[in-house]
Amino acid sequence: MINWSVILSIAKTHLLSRFKQTVVAALGVTFGIGSYITLVCFMTGLNRMLDSLILNQTPHIHVFNEVEPSKKQPITYDKALVSGFNIIHSIKPKQNQLRITNALPLMQYLNKNPDILSVVPQVKTQVFYKSGATEISGLIIGIDPLKESRFSNLDDYILNGSSQSLLNSSNGILLGSGIAKKMVLQVGDRIQLITPGNELLSLKIVGLFQTGIAEIDDSRSYTKISKVQQILMQPKNYITDLNINLKDIQQASRIAQEIATQHHINAVDINTANAQFETGTTIRNLITYAVSITLLIVAGFGIYNILNMLIYEKMNDIAILKATGFSGIDVQYIFMSQALIIGIVGGILGLLLGLGLTLLIDQTPFNTEALPTITTYPINNNPVFYLIGILFALFSTFLAGLLPSIKAKNIDPVSIIRGQ
């Protein structure tokens with residue numbers, strides 16, 4: 001039967017007798033784990049920030065009508081020409097309405113789906129923003145302020161004013177910061193719009209928003225749905241887009257395909273809309289985890305080298321232990337215990353070091369015009385990272401101590417004593 005109290009006592013004595021080497025080995029684990037925690041928390045926090053910057057602007061499913069060429073051209077209806085070889089130049093797409101047919105009944109139907117969290121209607125149209133002699137082409141989006149503030153992240157990007165201000169104003173507009181900067185406008189000013197019908201409309205700026213994406217900030221604005229319907233001279237059931245948020249984003253592709261098939265309409269899921277960006281995120285995550293694991297492996301090699309040298313220095317002690325009745329497995333357990341003690345102490349200190357550094361980074365000011373709502377560097381303090389860190393510390397030190405301990409187990413005490 002193994003006497004663990006004796007084995008741990010001897011392991012402790014060995015570690016304390018070579019205190020400097022023990023400290024160096026523990027620090028190797030500490031800095032390895034600390035660097036891993038700091039790097040992975042910072043990089044995943046940064047990736048999450050970049051993801052949210054793009055994905056917050058994209059609904060889980062976007063439903064809309066798209067102008068497409070006719071699948072069957074008029075000439076194909078003439079049976080006499082079906083077998084012939086026809087050449088047609090300058091085929092034009094058929095006249096499609098951008099509105100969603102039966103949008104209100106469709107919204108009611110989708111809201112009954114248990115997988116769908118919300119269905120938010122929008123009306124979009126191209127306009128020209130005019131202030132003095134300056135004209136900028138852009139897109140104005142009619143929204144329901146209550147639904148947008150509840151189910152989207154629009155309020156997170158509003159610099160001045162709020163979506164509530166838009167709700168309380170019958171003639172208000174939320175303007176992109178890029179447009180306001182180019183036209184030298186601010187909250188409370190009025191901006192003129194040239195509508196698709198070539199009419200001039202004046203709206204009051206009740207808020208400015210900035211997403212950090214220049215393409216959006218330099219062209220987009222928001223107002224009430226009723227105001228855009230008025231601009232287009234359309235009835236209240238005129239809806240051009242439906243933004244759908246799901247309870248489980250992983251179901252987006254399946255549900256989008258079902259909507260497109262059942263209702264004969266375009267439905268694009270968030271993964272398809274951001275496929276290129278998702279690829280970049282995956283690559284960044286792979287690099288983050290590859291560098292993090294490398295740091296842990298380097299720390300493990302440091303422990304291996306130190307324990308290996310410790311065995312050579314403790315040859316006489318090993319011979320004496322075996323000569324006094326300790327078995328080879330007892331000697332192996334002694335050196336394995338040393339490795340695990342180093343791993344536990346170094347791992348705990350590494351977690352504390354990583355936590356301290358991440359908290360420091362999280363309080364470091366980070367100011368950029370592209371991301372006005374973010375004031376400090378992003379950190380993702382996921383407890384899973386800390387669990388992985390301590391488990392890897394124990395695993396790496398276990399492997400680092402395994403080979404030296406096997407070597408110590410197989411040492412012949414007689415040959416060592418003879419050599420002395």
# chains A, B, ... in the order shown; residues from 1 in each chain; ligands from 1
call {"tool": "residues_around", "arguments": {"residues": "stretch 159-162 of chain A", "least_positions_apart": "3", "cutoff": "9 Å", "atoms": "only C-alpha atoms", "output": "number ranges by chain"}}
result
A: 155-156, 165-166, 174, 177, 186-187, 206-210, 372-373
call {"tool": "select_by_dssp", "arguments": {"residues": "stretch 32-259 of chain A", "states": "helix (DSSP H, G or I)", "output": "JSON, numbers by chain"}}
result
{"A": [32, 33, 34, 35, 36, 37, 38, 39, 40, 41, 42, 43, 44, 45, 46, 47, 48, 49, 50, 51, 52, 53, 54, 55, 74, 75, 76, 77, 79, 80, 81, 103, 104, 105, 106, 107, 108, 109, 110, 111, 145, 146, 147, 148, 149, 150, 151, 154, 155, 156, 157, 163, 164, 165, 166, 167, 168, 177, 178, 179, 180, 181, 182, 183, 214, 215, 216, 217, 225, 226, 227, 228, 229, 230, 231, 249, 250, 251, 252, 253, 254, 255, 256, 257, 258, 259]}
call {"tool": "closest_residue", "arguments": {"among": "A:Ile7, A:Met49, A:Ile244, A:Ile173", "to": "A:Gln122", "atoms": "only C-alpha atoms"}}
result
A:Ile244
call {"tool": "closest_residue", "arguments": {"among": "A:Asn367, A:Ser327, A:Gln251, A:Asn410", "to": "A:Asp115", "atoms": "only C-alpha atoms"}}
result
A:Gln251
call {"tool": "closest_residue", "arguments": {"among": "A:Ile255, A:Ile194, A:Ile158, A:Asp189", "to": "A:Thr134", "atoms": "only C-alpha atoms"}}
result
A:Ile194
call {"tool": "closest_residue", "arguments": {"among": "A:Leu201, A:Val6, A:Ala393, A:Leu154", "to": "A:Ile37", "atoms": "only C-alpha atoms"}}
result
A:Ala393
call {"tool": "atom_distance", "arguments": {"atom1": "atom CA of A:Pro145", "atom2": "atom CA of A:Glu258"}}
result
28.3 Å
call {"tool": "closest_residue", "arguments": {"among": "A:Leu175, A:Met233, A:Ala339, A:Val184", "to": "A:Asp217", "atoms": "only C-alpha atoms"}}
result
A:Leu175
call {"tool": "decode", "arguments": {"residues": "stretch 166-204 of chain A", "atoms": "C-alpha atoms", "output": "PDB file, in the first residue's frame"}}
result
ATOM      1  CA  LEU A 166     -37.836  59.561 -33.036  1.00  0.00           C
ATOM      2  CA  LEU A 167     -41.026  58.039 -31.646  1.00  0.00           C
ATOM      3  CA  ASN A 168     -42.118  61.339 -30.105  1.00  0.00           C
ATOM      4  CA  SER A 169     -41.441  63.354 -33.271  1.00  0.00           C
ATOM      5  CA  SER A 170     -43.791  63.348 -36.236  1.00  0.00           C
ATOM      6  CA  ASN A 171     -41.131  64.787 -38.530  1.00  0.00           C
ATOM      7  CA  GLY A 172     -37.854  63.515 -37.038  1.00  0.00           C
ATOM      8  CA  ILE A 173     -34.862  61.683 -38.457  1.00  0.00           C
ATOM      9  CA  LEU A 174     -31.882  59.784 -36.986  1.00  0.00           C
ATOM     10  CA  LEU A 175     -28.912  60.741 -39.138  1.00  0.00           C
ATOM     11  CA  GLY A 176     -25.634  58.926 -39.729  1.00  0.00           C
ATOM     12  CA  SER A 177     -22.646  60.728 -38.204  1.00  0.00           C
ATOM     13  CA  GLY A 178     -20.794  60.738 -41.539  1.00  0.00           C
ATOM     14  CA  ILE A 179     -23.632  62.616 -43.245  1.00  0.00           C
ATOM     15  CA  ALA A 180     -23.867  65.095 -40.361  1.00  0.00           C
ATOM     16  CA  LYS A 181     -20.116  65.719 -40.471  1.00  0.00           C
ATOM     17  CA  LYS A 182     -20.069  66.333 -44.226  1.00  0.00           C
ATOM     18  CA  MET A 183     -23.031  68.680 -44.032  1.00  0.00           C
ATOM     19  CA  VAL A 184     -22.008  70.326 -40.737  1.00  0.00           C
ATOM     20  CA  LEU A 185     -25.253  69.398 -39.028  1.00  0.00           C
ATOM     21  CA  GLN A 186     -26.135  68.545 -35.438  1.00  0.00           C
ATOM     22  CA  VAL A 187     -29.136  67.526 -33.342  1.00  0.00           C
ATOM     23  CA  GLY A 188     -31.901  70.115 -33.627  1.00  0.00           C
ATOM     24  CA  ASP A 189     -30.973  71.196 -37.165  1.00  0.00           C
ATOM     25  CA  ARG A 190     -33.139  70.466 -40.182  1.00  0.00           C
ATOM     26  CA  ILE A 191     -32.104  68.519 -43.252  1.00  0.00           C
ATOM     27  CA  GLN A 192     -33.828  68.412 -46.617  1.00  0.00           C
ATOM     28  CA  LEU A 193     -34.445  65.238 -48.592  1.00  0.00           C
ATOM     29  CA  ILE A 194     -35.016  64.924 -52.317  1.00  0.00           C
ATOM     30  CA  THR A 195     -37.429  61.996 -52.630  1.00  0.00           C
ATOM     31  CA  PRO A 196     -37.678  59.493 -55.520  1.00  0.00           C
ATOM     32  CA  GLY A 197     -40.661  61.556 -56.732  1.00  0.00           C
ATOM     33  CA  ASN A 198     -38.307  64.572 -56.956  1.00  0.00           C
ATOM     34  CA  GLU A 199     -40.059  66.337 -54.092  1.00  0.00           C
ATOM     35  CA  LEU A 200     -38.297  68.318 -51.369  1.00  0.00           C
ATOM     36  CA  LEU A 201     -38.977  67.247 -47.795  1.00  0.00           C
ATOM     37  CA  SER A 202     -37.629  68.868 -44.611  1.00  0.00           C
ATOM     38  CA  LEU A 203     -36.988  66.734 -41.494  1.00  0.00           C
ATOM     39  CA  LYS A 204     -35.679  67.626 -38.033  1.00  0.00           C
TER      40      LYS A 204
END
